[in-house]
>>> print(open('entry-v2.cif').read())   # mmCIF, C-alpha atoms
data_input
#
loop_
_atom_site.label_atom_id
_atom_site.label_comp_id
_atom_site.auth_asym_id
_atom_site.auth_seq_id
_atom_site.Cartn_x
_atom_site.Cartn_y
_atom_site.Cartn_z
CA MET A 757 12.17 25.27 8.98
CA ARG A 758 10.37 22.18 7.88
CA ILE A 759 6.72 21.80 8.70
CA VAL A 760 4.90 18.52 8.32
CA LEU A 761 1.52 19.30 6.83
CA ASN A 762 0.06 15.87 6.45
CA LYS A 763 0.86 12.44 7.76
CA ASP A 764 -0.21 9.08 6.53
CA SER A 765 1.08 5.61 7.03
CA MET A 766 0.70 2.28 5.34
CA ASN A 767 1.84 -1.23 6.12
CA ILE A 768 3.74 -3.15 3.48
CA GLU A 769 3.33 -6.81 4.23
CA LYS A 770 2.91 -8.50 0.89
CA GLU A 771 3.64 -7.85 -2.75
CA GLN A 772 0.07 -6.72 -3.39
CA ASP A 773 0.62 -3.82 -1.01
CA VAL A 774 3.23 -2.20 -3.25
CA VAL A 775 0.81 -1.05 -5.96
CA PRO A 776 -1.70 0.60 -3.58
CA PHE A 777 1.22 2.21 -1.77
CA ARG A 778 2.54 3.66 -5.03
CA ASN A 779 -0.92 4.93 -5.84
CA ARG A 780 -1.16 6.59 -2.43
CA VAL A 781 2.20 8.28 -2.95
CA LYS A 782 1.05 9.43 -6.35
CA GLU A 783 -2.14 10.91 -4.88
CA TYR A 784 -0.11 13.08 -2.51
CA ALA A 785 2.36 14.04 -5.22
CA VAL A 786 -0.50 15.14 -7.47
CA LYS A 787 -2.10 17.02 -4.59
CA ILE A 788 0.93 19.25 -4.07
CA GLY A 789 1.23 19.79 -7.81
CA MET A 790 4.43 17.89 -8.51
CA SER A 791 5.38 17.58 -12.16
CA VAL A 792 4.90 14.26 -13.93
CA VAL A 793 8.62 13.62 -14.19
CA ASN A 794 9.23 14.23 -10.49
CA GLN A 795 6.15 12.20 -9.65
CA THR A 796 7.47 9.28 -11.63
CA LYS A 797 10.89 9.57 -10.02
CA LEU A 798 9.40 9.65 -6.55
CA ILE A 799 7.06 6.75 -7.23
CA THR A 800 9.85 4.67 -8.72
CA ALA A 801 12.11 5.34 -5.74
CA ALA A 802 9.20 4.49 -3.42
CA SER A 803 8.65 1.29 -5.34
CA GLU A 804 12.31 0.28 -5.08
CA LEU A 805 12.45 0.90 -1.35
CA ALA A 806 9.13 -0.79 -0.63
CA ARG A 807 10.22 -3.84 -2.58
CA ASN A 808 13.55 -3.90 -0.77
CA MET A 809 11.71 -3.83 2.51
CA LEU A 810 9.53 -6.75 1.43
CA LYS A 811 12.37 -8.77 0.03
CA TYR A 812 14.94 -8.37 2.77
CA ALA A 813 12.89 -7.62 5.87
CA GLY A 814 9.60 -9.32 5.07
CA GLY A 815 7.74 -6.03 5.21
CA GLY A 816 7.51 -2.93 7.32
CA ILE A 817 5.79 0.38 7.80
CA THR A 818 5.86 3.31 5.42
CA LYS A 819 5.05 6.86 6.34
CA ILE A 820 4.00 9.43 3.80
CA GLU A 821 4.37 13.06 4.82
CA VAL A 822 3.66 16.26 3.00
CA ILE A 823 6.27 18.75 4.16
CA SER A 824 6.96 22.37 3.44
CA GLU A 825 10.00 24.54 3.81
CA GLY A 826 9.59 28.17 2.96
CA ARG A 827 7.85 28.27 -0.37
CA ASN A 828 8.87 24.82 -1.38
CA SER A 829 6.76 21.82 -0.64
CA GLY A 830 7.57 18.19 -1.03
CA ILE A 831 6.92 14.63 0.00
CA ARG A 832 8.86 12.73 2.60
CA LEU A 833 8.65 8.97 2.67
CA ILE A 834 9.94 6.94 5.58
CA PHE A 835 10.44 3.20 5.33
CA GLU A 836 10.85 1.40 8.61
CA ASP A 837 11.48 -2.28 8.94
CA LYS A 838 12.55 -4.64 11.67
CA GLY A 839 14.56 -6.82 9.39
CA PRO A 840 18.09 -8.14 9.68
CA GLY A 841 19.64 -4.73 9.02
CA ILE A 842 22.49 -3.84 6.68
CA SER A 843 26.00 -4.53 7.95
CA ASP A 844 27.86 -2.47 5.36
CA ILE A 845 25.80 0.48 4.18
CA ALA A 846 28.53 1.82 1.90
CA LEU A 847 28.61 -1.50 0.07
CA ALA A 848 24.82 -1.70 -0.15
CA MET A 849 24.80 1.78 -1.71
CA LYS A 850 27.19 0.68 -4.44
CA ASP A 851 25.82 0.15 -7.93
CA GLY A 852 25.52 -3.44 -8.92
CA PHE A 853 25.85 -4.89 -5.45
CA SER A 854 23.08 -7.22 -4.38
CA THR A 855 22.78 -9.99 -1.85
CA GLY A 856 19.65 -11.10 -3.69
CA LYS A 857 19.51 -11.98 -7.35
CA SER A 858 18.55 -8.52 -8.55
CA LEU A 859 20.23 -5.81 -10.57
CA GLY A 860 21.66 -4.21 -7.43
CA ILE A 861 20.55 -0.70 -8.27
CA GLY A 862 17.60 -0.35 -5.90
CA LEU A 863 19.27 1.68 -3.14
CA PRO A 864 21.73 3.75 -5.19
CA GLY A 865 19.11 4.23 -7.91
CA ALA A 866 16.53 5.42 -5.41
CA LYS A 867 19.09 7.86 -4.02
CA ARG A 868 19.66 9.34 -7.48
CA LEU A 869 15.93 9.73 -8.03
CA VAL A 870 15.23 11.88 -4.98
CA ASN A 871 16.59 15.10 -3.44
CA GLU A 872 17.41 13.83 0.01
CA PHE A 873 18.22 10.33 1.06
CA GLU A 874 19.02 9.08 4.51
CA ILE A 875 19.60 5.53 5.62
CA LYS A 876 20.08 4.20 9.12
CA SER A 877 20.55 0.59 9.93
CA SER A 878 21.68 -1.55 12.78
CA VAL A 879 22.27 -5.24 12.37
CA GLY A 880 19.56 -7.31 14.02
CA GLU A 881 17.31 -4.35 14.67
CA GLY A 882 16.23 -3.07 11.32
CA THR A 883 16.63 -0.38 8.74
CA THR A 884 15.06 3.03 8.30
CA VAL A 885 15.24 4.87 5.01
CA SER A 886 13.94 8.39 4.67
CA ILE A 887 13.68 10.20 1.34
CA ILE A 888 12.47 13.65 0.34
CA LYS A 889 11.42 14.78 -3.10
CA TRP A 890 10.76 18.49 -3.44
CA LYS A 891 8.08 19.71 -5.75
CA ASN A 892 10.58 21.91 -7.57
CA GLY A 893 13.79 20.04 -7.46
CA MET B 338 -32.01 9.25 45.37
CA LYS B 339 -31.39 8.92 41.69
CA GLN B 340 -27.78 8.85 40.54
CA ASP B 341 -26.41 10.33 37.39
CA ILE B 342 -25.15 7.40 35.36
CA SER B 343 -22.84 9.39 33.11
CA LYS B 344 -21.12 11.00 36.09
CA LEU B 345 -20.86 7.64 37.80
CA LEU B 346 -19.16 6.14 34.76
CA GLN B 347 -16.85 9.12 34.47
CA LYS B 348 -15.82 8.61 38.09
CA LYS B 349 -15.18 4.93 37.60
CA LYS B 350 -13.34 5.31 34.30
CA LYS B 351 -10.09 3.91 35.65
CA ASN B 352 -11.83 0.83 37.00
CA ILE B 353 -13.62 0.25 33.72
CA ILE B 354 -10.42 0.49 31.70
CA GLU B 355 -8.64 -1.89 34.05
CA ASP B 356 -11.50 -4.41 33.94
CA TRP B 357 -11.74 -4.11 30.21
CA MET B 358 -8.04 -4.57 29.65
CA ASN B 359 -8.00 -7.60 31.96
CA MET B 360 -10.86 -9.16 30.05
CA GLN B 361 -9.23 -8.52 26.71
CA LEU B 362 -5.90 -9.86 27.88
CA ALA B 363 -7.55 -12.94 29.38
CA ASP B 364 -9.39 -13.77 26.17
CA ALA B 365 -8.02 -16.81 24.38
CA GLY B 366 -8.28 -15.00 21.06
CA LEU B 367 -5.82 -12.27 22.02
CA ARG B 368 -3.55 -11.59 19.09
CA GLU B 369 -0.27 -10.41 20.49
CA ASP B 370 1.32 -11.18 17.15
CA LEU B 371 -0.84 -8.60 15.41
CA MET B 372 -0.97 -5.91 18.06
CA SER B 373 1.12 -5.19 21.13
CA ASN B 374 -0.55 -4.79 24.50
CA ASP B 375 0.47 -1.15 24.65
CA GLU B 376 -1.20 -0.47 21.36
CA LEU B 377 -4.31 -2.26 22.55
CA ARG B 378 -4.34 -0.20 25.73
CA GLU B 379 -3.96 2.98 23.74
CA GLN B 380 -6.86 2.09 21.46
CA SER B 381 -9.01 1.10 24.39
CA ALA B 382 -8.28 4.28 26.31
CA GLU B 383 -9.05 6.41 23.27
CA LEU B 384 -12.40 4.74 22.73
CA ILE B 385 -13.43 4.94 26.39
CA ASP B 386 -12.48 8.59 26.61
CA ALA B 387 -14.62 9.40 23.61
CA LEU B 388 -17.49 7.25 24.77
CA LEU B 389 -17.66 8.67 28.27
CA LYS B 390 -17.38 12.17 26.93
CA ALA B 391 -20.29 11.54 24.61
CA ILE B 392 -22.65 10.01 27.16
CA THR B 393 -24.94 12.41 28.95
CA GLU B 394 -28.08 11.77 30.92
CA GLN B 395 -30.19 12.95 28.01
CA ASN B 396 -28.78 10.97 25.11
CA LEU B 397 -28.32 7.69 26.92
CA ASP B 398 -31.21 6.03 25.11
CA ASP B 399 -30.76 7.82 21.82
CA PHE B 400 -27.71 6.34 20.15
CA ASN B 401 -28.36 8.14 16.89
CA SER B 402 -27.59 11.39 18.65
CA ALA B 403 -24.88 13.44 16.97
CA SER B 404 -22.79 13.48 20.12
CA PHE B 405 -21.86 9.86 19.47
CA ASN B 406 -20.36 10.61 16.07
CA THR B 407 -16.78 10.80 17.37
CA VAL B 408 -17.23 7.47 19.11
CA TYR B 409 -18.43 5.90 15.88
CA GLU B 410 -15.54 7.45 13.99
CA ILE B 411 -12.92 6.10 16.37
CA LEU B 412 -14.56 2.70 16.44
CA SER B 413 -14.77 2.57 12.64
CA GLY B 414 -11.11 3.46 12.36
CA ILE B 415 -10.17 0.71 14.77
CA SER B 416 -12.34 -1.91 13.03
CA ILE B 417 -11.08 -1.06 9.55
CA SER B 418 -7.48 -1.18 10.61
CA ARG B 419 -8.13 -4.51 12.31
CA ALA B 420 -9.77 -5.92 9.21
CA ARG B 421 -6.70 -4.94 7.21
CA GLN B 422 -4.31 -6.33 9.78
CA GLY B 423 -6.02 -9.68 9.51
CA PHE B 424 -7.97 -9.89 12.77
CA SER B 425 -10.89 -12.30 12.69
CA PRO B 426 -14.43 -10.98 13.19
CA ARG B 427 -14.54 -12.71 16.58
CA GLU B 428 -11.38 -11.00 17.78
CA THR B 429 -12.73 -7.65 16.67
CA GLY B 430 -16.08 -8.35 18.31
CA VAL B 431 -14.50 -9.25 21.63
CA PHE B 432 -12.97 -5.79 21.69
CA VAL B 433 -16.36 -4.10 21.96
CA PHE B 434 -18.31 -6.74 23.82
CA SER B 435 -15.77 -7.03 26.60
CA LEU B 436 -16.15 -3.28 27.09
CA LYS B 437 -19.84 -3.91 27.61
CA ASP B 438 -19.09 -6.52 30.26
CA ALA B 439 -16.70 -4.15 32.01
CA ILE B 440 -19.20 -1.30 32.08
CA LEU B 441 -22.10 -3.46 33.19
CA GLN B 442 -20.01 -4.99 35.96
CA THR B 443 -19.12 -1.56 37.27
CA LEU B 444 -22.74 -0.46 37.17
CA ILE B 445 -23.89 -3.55 39.04
CA ILE B 446 -21.35 -2.98 41.80
CA GLU B 447 -21.96 0.73 42.10
CA LEU B 448 -25.74 0.67 41.95
CA LYS B 449 -26.51 -2.42 43.94
CA ASN B 450 -28.50 -0.39 46.47
CA ASP B 451 -30.59 1.31 43.87
CA GLN B 452 -32.34 -1.40 41.88
CA GLU B 453 -34.50 0.90 39.83
CA THR B 454 -31.67 3.01 38.49
CA LEU B 455 -29.57 -0.08 37.94
CA ILE B 456 -32.13 -1.69 35.66
CA GLU B 457 -32.61 1.51 33.75
CA ALA B 458 -28.89 1.97 33.33
CA LEU B 459 -28.32 -1.62 32.32
CA VAL B 460 -30.95 -1.49 29.59
CA ALA B 461 -29.63 1.77 28.23
CA MET B 462 -25.97 0.73 28.25
CA ASN B 463 -26.84 -2.60 26.70
CA LYS B 464 -28.59 -0.94 23.81
CA LEU B 465 -25.82 1.59 23.30
CA LEU B 466 -23.00 -0.94 23.32
CA ASP B 467 -24.87 -3.39 21.11
CA ASN B 468 -25.18 -0.60 18.64
CA LEU B 469 -21.45 0.01 18.87
CA GLY B 470 -21.04 -3.69 18.14
CA ILE B 471 -23.10 -3.36 14.99
CA VAL B 472 -21.03 -0.38 13.84
CA THR B 473 -17.89 -2.42 14.43
CA PHE B 474 -19.07 -5.20 12.19
CA GLU B 475 -20.32 -2.93 9.47
CA THR B 476 -16.97 -1.24 9.19
CA PHE B 477 -15.04 -4.46 9.69
CA ILE B 478 -16.80 -5.93 6.67
CA LYS B 479 -16.22 -2.75 4.72
CA GLY B 480 -12.51 -3.06 5.46
CA ARG B 481 -12.51 -6.63 4.24
CA GLU B 482 -14.41 -5.67 1.12
CA GLU B 483 -11.73 -3.16 0.32
CA VAL B 484 -9.16 -5.92 0.46
CA ILE B 485 -11.26 -8.00 -1.93
CA LEU B 486 -11.72 -5.08 -4.30
CA ARG B 487 -8.00 -4.56 -4.41
CA GLN B 488 -7.52 -8.20 -5.27
CA THR B 489 -10.10 -7.96 -8.04
CA ASP B 490 -8.14 -5.05 -9.45
CA GLU B 491 -5.01 -7.14 -9.38
CA ILE B 492 -6.70 -9.95 -11.28
CA THR B 493 -8.04 -7.74 -14.03
CA GLU B 494 -4.52 -6.48 -14.47
CA ILE B 495 -3.42 -9.96 -15.35
CA SER B 496 -4.48 -10.29 -18.96
CA THR B 497 -1.85 -10.54 -21.58
CA PRO B 498 -3.09 -10.88 -25.13
CA VAL B 499 -0.58 -11.51 -27.90
CA ILE B 500 -1.64 -9.71 -31.06
CA ARG B 501 -0.46 -10.58 -34.53
CA VAL B 502 -0.09 -7.16 -36.10
CA TRP B 503 1.52 -8.35 -39.32
CA ASP B 504 2.77 -11.50 -40.88
CA GLY B 505 5.81 -12.30 -38.74
CA ILE B 506 5.26 -9.47 -36.26
CA LEU B 507 3.72 -9.99 -32.85
CA ALA B 508 2.73 -7.26 -30.43
CA LEU B 509 2.11 -7.67 -26.74
CA PRO B 510 0.70 -4.69 -24.88
CA ILE B 511 1.33 -4.90 -21.15
CA ILE B 512 -1.08 -3.06 -18.92
CA GLY B 513 -0.52 -2.85 -15.19
CA THR B 514 2.42 -3.90 -13.11
CA LEU B 515 4.94 -6.48 -14.19
CA ASP B 516 5.71 -8.75 -11.28
CA SER B 517 7.48 -12.08 -11.32
CA ALA B 518 4.34 -14.16 -11.79
CA ARG B 519 3.03 -11.90 -14.52
CA THR B 520 6.35 -11.90 -16.36
CA GLN B 521 6.22 -15.66 -16.36
CA VAL B 522 2.80 -15.59 -18.04
CA VAL B 523 3.89 -12.93 -20.51
CA MET B 524 7.05 -14.80 -21.41
CA GLU B 525 5.31 -18.15 -21.87
CA ASN B 526 2.57 -16.59 -23.99
CA LEU B 527 5.01 -14.69 -26.12
CA LEU B 528 7.46 -17.54 -26.72
CA GLN B 529 4.66 -19.99 -27.52
CA ASN B 530 3.23 -17.53 -30.02
CA VAL B 531 6.63 -17.03 -31.61
CA VAL B 532 6.75 -20.78 -32.25
CA ASP B 533 3.12 -21.06 -33.38
CA THR B 534 3.19 -18.19 -35.85
CA GLY B 535 6.82 -18.41 -36.88
CA SER B 536 7.23 -14.73 -36.16
CA THR B 537 10.67 -13.19 -36.17
CA ILE B 538 9.82 -9.89 -34.54
CA THR B 539 7.98 -9.22 -31.31
CA ILE B 540 7.03 -5.84 -29.90
CA LEU B 541 6.58 -5.47 -26.15
CA ASP B 542 4.56 -2.34 -25.52
CA ILE B 543 4.88 -0.93 -22.01
CA SER B 544 2.78 2.22 -22.44
CA GLY B 545 0.39 0.78 -19.88
CA VAL B 546 3.00 0.04 -17.25
CA PRO B 547 2.75 2.89 -14.75
CA THR B 548 6.11 2.42 -13.05
CA VAL B 549 9.31 0.93 -14.36
CA ASP B 550 11.49 0.14 -11.39
CA SER B 551 14.51 -2.11 -11.32
CA LEU B 552 12.41 -5.22 -10.85
CA VAL B 553 10.25 -4.46 -13.87
CA ALA B 554 13.35 -3.62 -15.90
CA GLN B 555 14.92 -6.89 -14.91
CA HIS B 556 11.84 -8.74 -16.10
CA ILE B 557 11.88 -6.89 -19.40
CA ILE B 558 15.55 -7.72 -19.93
CA LYS B 559 14.86 -11.38 -19.23
CA THR B 560 11.93 -11.49 -21.64
CA VAL B 561 14.01 -9.90 -24.39
CA ALA B 562 16.86 -12.34 -23.78
CA ALA B 563 14.50 -15.32 -23.95
CA THR B 564 12.92 -14.09 -27.17
CA ARG B 565 16.34 -13.64 -28.75
CA LEU B 566 17.25 -17.19 -27.79
CA MET B 567 14.25 -18.28 -29.86
CA GLY B 568 15.71 -16.45 -32.82
CA ALA B 569 13.31 -13.55 -32.79
CA GLU B 570 14.04 -9.87 -32.26
CA CYS B 571 12.26 -8.13 -29.40
CA ILE B 572 11.50 -4.43 -29.50
CA ILE B 573 10.33 -2.49 -26.45
CA SER B 574 7.95 0.31 -27.25
CA GLY B 575 5.88 2.80 -25.32
CA ILE B 576 8.69 4.39 -23.31
CA ARG B 577 7.27 7.64 -22.01
CA PRO B 578 9.54 10.63 -21.40
CA GLU B 579 9.25 10.43 -17.61
CA ILE B 580 9.97 6.70 -17.71
CA ALA B 581 13.06 7.32 -19.84
CA GLN B 582 14.40 9.85 -17.31
CA THR B 583 13.65 7.59 -14.40
CA VAL B 584 15.36 4.61 -16.00
CA VAL B 585 18.47 6.70 -16.65
CA HIS B 586 18.58 8.00 -13.07
CA LEU B 587 18.04 4.56 -11.67
CA GLY B 588 21.02 3.42 -13.68
CA ILE B 589 19.36 0.63 -15.63
CA ASP B 590 21.24 -0.27 -18.80
CA LEU B 591 18.81 -0.90 -21.65
CA SER B 592 21.27 0.03 -24.39
CA ASN B 593 21.43 -3.52 -25.73
CA ILE B 594 17.72 -3.51 -26.35
CA VAL B 595 15.94 -1.82 -29.22
CA THR B 596 13.54 0.66 -27.65
CA LYS B 597 11.04 2.99 -29.28
CA ALA B 598 8.77 5.70 -27.97
CA THR B 599 5.60 4.49 -29.65
CA LEU B 600 4.15 1.28 -31.02
CA ALA B 601 3.97 2.97 -34.44
CA SER B 602 7.68 3.62 -34.58
CA ALA B 603 8.36 0.10 -33.38
CA LEU B 604 6.19 -1.21 -36.20
CA LYS B 605 8.03 0.97 -38.68
CA TYR B 606 11.33 -0.39 -37.43
CA ALA B 607 9.95 -3.92 -37.76
CA PHE B 608 8.86 -3.26 -41.35
CA ALA B 609 12.35 -2.02 -42.15
CA LEU B 610 13.84 -5.19 -40.66
CA LEU B 611 11.53 -7.31 -42.79
CA LYS B 612 12.34 -5.10 -45.79
CA LEU B 613 8.72 -4.10 -46.19
CA ASP B 614 7.67 -0.75 -47.55
CA VAL B 615 4.43 1.00 -46.69
CA LYS B 616 3.34 3.44 -49.37
CA ARG B 617 0.38 5.65 -50.11
CA ILE B 618 -1.26 4.56 -53.36
CA GLN B 619 -0.96 7.15 -56.10
CA LYS B 620 -4.23 7.69 -57.91
CA GLU B 621 -4.01 6.96 -61.61
CA LYS B 622 -4.81 9.89 -63.78
#
>>> encode(input="entry-v2.cif", output="structure tokens")
Amino acid sequence: MRIVLNKDSMNIEKEQDVVPFRNRVKEYAVKIGMSVVNQTKLITAASELARNMLKYAGGGITKIEVISEGRNSGIRLIFEDKGPGISDIALAMKDGFSTGKSLGIGLPGAKRLVNEFEIKSSVGEGTTVSIIKWKNG
Amino acid sequence: MKQDISKLLQKKKKNIIEDWMNMQLADAGLREDLMSNDELREQSAELIDALLKAITEQNLDDFNSASFNTVYEILSGISISRARQGFSPRETGVFVFSLKDAILQTLIIELKNDQETLIEALVAMNKLLDNLGIVTFETFIKGREEVILRQTDEITEISTPVIRVWDGILALPIIGTLDSARTQVVMENLLQNVVDTGSTITILDISGVPTVDSLVAQHIIKTVAATRLMGAECIISGIRPEIAQTVVHLGIDLSNIVTKATLASALKYAFALLKLDVKRIQKEK
């Protein structure tokens, strides 16, 4: 069973919000004693998803949760936007695909960096991405 | 007969909330773009609940009393979040001062047959709510100051010195986050220095970049490509172990770029390229 121990949320509205958001995520990761490598992976994934949200949806809300399951603890990040949505999620998750002029590895890369990755999107309504990085995992 | 003001307010809570909401919604400065009416109602209800719970007959004229702490806490939270969301001071002020109007109106209606108590109650509520107004502004300004501080941090991050470490070798330590604007500055600086000094090797040190995501990587790749176009080699140094792992997992291809773990090894590589040899001097016997 998963228990949410701590909840926090932050708005991402402009590019300057990304750095404080990353720092906040790092704070929580340090607090639960995550290793530096996992911290960096989580922060990088968070950075990718936050930037995506800014670039394609003009911003959104992020939630930072400290969760625990049995002995394991971890961080769950939820990115919610009310942007245009993704029409073909399978395509968006493909390496090298981008509707913008970027490398096209944000979504698939973020998925590889974390333990659990969930994306929901409906065109015209928005996209929600939820990721979990376990402390030991 | 003297009436208990706190009980009276408790009883009329619904009326007060309705009046208050109507006043807030009628105000020309209502920002529906920043906050929905439901959210506003929720905030208002939370504050009124706490306020009415805190008021007793005894502490009515002592607003430093500890029982008001929760009220101050809620109010501070609301003001700070409003400052961050971009509400103007006026819009934030209206929030509290319209509550005052709503409460006073209720008191006037309810106590119109008891002038003495009415005056007493009015004075006390006035003082209390003015004080809440002051708290609102204090925290509102604090919230704004935080925004300014963050911006100051951002500015100090933007300093990109190009260092000439050897004849023909330039080093550029990057500290902070590489965004598009910053990359532009870095690239211009670097390329201009390549021309000015006639250097053939540049070292971009990213030890001070906390996070290398795909955007940062893209900027690095662009900078390297531009430097190569100028006929100079660009070495990336300062790749920490966790960054290396992250880059691999992300799937960024940096294999076409010469990368080193430390600035020292990058310098060594540069010396080798320039066919220079660094030796310890043997003492003559």
>>> interface_residues(input="entry-v2.cif", of="chain B", to="chain A", cutoff="12 Å", atoms="all atoms listed in the file", output="tab-separated table (two decimals) with C-alpha atoms, in the frame of the given file")
chain	number	residue	atom	x	y	z
B	418	SER	CA	-7.48	-1.18	10.61
B	421	ARG	CA	-6.70	-4.94	7.21
B	422	GLN	CA	-4.31	-6.33	9.78
B	423	GLY	CA	-6.02	-9.68	9.51
B	483	GLU	CA	-11.73	-3.16	0.32
B	484	VAL	CA	-9.16	-5.92	0.46
B	485	ILE	CA	-11.26	-8.00	-1.93
B	486	LEU	CA	-11.72	-5.08	-4.30
B	487	ARG	CA	-8.00	-4.56	-4.41
B	488	GLN	CA	-7.52	-8.20	-5.27
B	489	THR	CA	-10.10	-7.96	-8.04
B	490	ASP	CA	-8.14	-5.05	-9.45
B	491	GLU	CA	-5.01	-7.14	-9.38
B	492	ILE	CA	-6.70	-9.95	-11.28
B	494	GLU	CA	-4.52	-6.48	-14.47
B	513	GLY	CA	-0.52	-2.85	-15.19
B	514	THR	CA	2.42	-3.90	-13.11
B	515	LEU	CA	4.94	-6.48	-14.19
B	516	ASP	CA	5.71	-8.75	-11.28
B	517	SER	CA	7.48	-12.08	-11.32
B	518	ALA	CA	4.34	-14.16	-11.79
B	546	VAL	CA	3.00	0.04	-17.25
B	547	PRO	CA	2.75	2.89	-14.75
B	548	THR	CA	6.11	2.42	-13.05
B	549	VAL	CA	9.31	0.93	-14.36
B	550	ASP	CA	11.49	0.14	-11.39
B	551	SER	CA	14.51	-2.11	-11.32
B	552	LEU	CA	12.41	-5.22	-10.85
B	553	VAL	CA	10.25	-4.46	-13.87
B	554	ALA	CA	13.35	-3.62	-15.90
B	555	GLN	CA	14.92	-6.89	-14.91
B	556	HIS	CA	11.84	-8.74	-16.10
B	558	ILE	CA	15.55	-7.72	-19.93
B	559	LYS	CA	14.86	-11.38	-19.23
B	577	ARG	CA	7.27	7.64	-22.01
B	578	PRO	CA	9.54	10.63	-21.40
B	579	GLU	CA	9.25	10.43	-17.61
B	580	ILE	CA	9.97	6.70	-17.71
B	581	ALA	CA	13.06	7.32	-19.84
B	582	GLN	CA	14.40	9.85	-17.31
B	583	THR	CA	13.65	7.59	-14.40
B	584	VAL	CA	15.36	4.61	-16.00
B	585	VAL	CA	18.47	6.70	-16.65
B	586	HIS	CA	18.58	8.00	-13.07
B	587	LEU	CA	18.04	4.56	-11.67
B	588	GLY	CA	21.02	3.42	-13.68
B	589	ILE	CA	19.36	0.63	-15.63
B	590	ASP	CA	21.24	-0.27	-18.80
>>> resolve_selection(input="entry-v2.cif", expression="the PyMOL selection byres ((chain A and resi 840-844) around 10)", output="MDAnalysis selection string")
chainID A and resid 812:814 837:839 845:849 875:884
>>> resolve_selection(input="entry-v2.cif", expression="the PyMOL selection byres ((chain B and resi 565) around 12)", output="PyMOL selection string")
chain B and resi 524+527-528+531+536-539+558-564+566-572+593-595
>>> residues_around(input="entry-v2.cif", residues="Arg832 (chain A)", least_positions_apart="2", cutoff="10 Å", atoms="only C-alpha atoms", output="short mmCIF file (atom, residue, chain, number, x, y, z; two decimals) with C-alpha atoms, in the coordinates of the input")
data_model
loop_
_atom_site.label_atom_id
_atom_site.label_comp_id
_atom_site.auth_asym_id
_atom_site.auth_seq_id
_atom_site.Cartn_x
_atom_site.Cartn_y
_atom_site.Cartn_z
CA VAL A 760 4.90 18.52 8.32
CA LYS A 763 0.86 12.44 7.76
CA VAL A 781 2.20 8.28 -2.95
CA LEU A 798 9.40 9.65 -6.55
CA LYS A 819 5.05 6.86 6.34
CA ILE A 820 4.00 9.43 3.80
CA GLU A 821 4.37 13.06 4.82
CA VAL A 822 3.66 16.26 3.00
CA ILE A 823 6.27 18.75 4.16
CA SER A 824 6.96 22.37 3.44
CA SER A 829 6.76 21.82 -0.64
CA GLY A 830 7.57 18.19 -1.03
CA ILE A 834 9.94 6.94 5.58
CA VAL A 870 15.23 11.88 -4.98
CA GLU A 872 17.41 13.83 0.01
CA PHE A 873 18.22 10.33 1.06
CA SER A 886 13.94 8.39 4.67
CA ILE A 887 13.68 10.20 1.34
CA ILE A 888 12.47 13.65 0.34
CA LYS A 889 11.42 14.78 -3.10
CA TRP A 890 10.76 18.49 -3.44
#
>>> closest_residue(input="entry-v2.cif", among="B:Asp451, B:Leu611, B:Glu383, B:Leu441", to="Asp504 (chain B)", atoms="only C-alpha atoms")
B:Leu611
>>> residues_near_point(input="entry-v2.cif", point="(-17.7, -1.0, 15.3)", cutoff="8 Å", atoms="only C-alpha atoms", output="list in words")
Tyr409, Leu412, Ser413, Ile415, Ser416, Val433, Leu469, Gly470, Ile471, Val472, Thr473, Phe474, Glu475, Thr476 and Phe477 of chain B
>>> atom_distance(input="entry-v2.cif", atom1="CA of Lys616 (chain B)", atom2="CA of Gly505 (chain B)")
19.2 Å
>>> closest_residue(input="entry-v2.cif", among="B:Phe432, B:Glu525, B:Ile445, B:Ile506", to="Leu604 (chain B)", atoms="all atoms listed in the file")
B:Ile506
>>> resolve_selection(input="entry-v2.cif", expression="the PyMOL selection byres ((chain B and resi 351) around 12)", output="JSON, numbers by chain")
{"B": [345, 346, 347, 348, 349, 350, 352, 353, 354, 355, 356, 357, 358, 381, 382, 385, 386, 389, 439, 440, 443]}
>>> residues_around(input="entry-v2.cif", residues="Asn526 (chain B)", least_positions_apart="5", cutoff="10 Å", atoms="only C-alpha atoms", output="list in words")
Thr497, Pro498, Val499, Leu509, Thr520, Gln521 and Val531 of chain B
>>> atom_distance(input="entry-v2.cif", atom1="CA of Ile411 (chain B)", atom2="CA of Ile478 (chain B)")
15.9 Å
>>> residues_near_point(input="entry-v2.cif", point="(4.6, 26.6, -2.7)", cutoff="10 Å", atoms="only C-alpha atoms", output="MDAnalysis selection string")
chainID A and resid 788:789 824:830 891:892
>>> atom_distance(input="entry-v2.cif", atom1="CA of Leu761 (chain A)", atom2="CA of Met790 (chain A)")
15.7 Å
>>> residues_around(input="entry-v2.cif", residues="Gln361 (chain B)", least_positions_apart="6", cutoff="8 Å", atoms="all atoms listed in the file", output="VMD selection string")
chain B and resid 367 431 to 432 435
>>> closest_residue(input="entry-v2.cif", among="A:Asn808, A:Thr818, A:Ser854, A:Asn762", to="Ile831 (chain A)", atoms="all atoms listed in the file")
A:Asn762
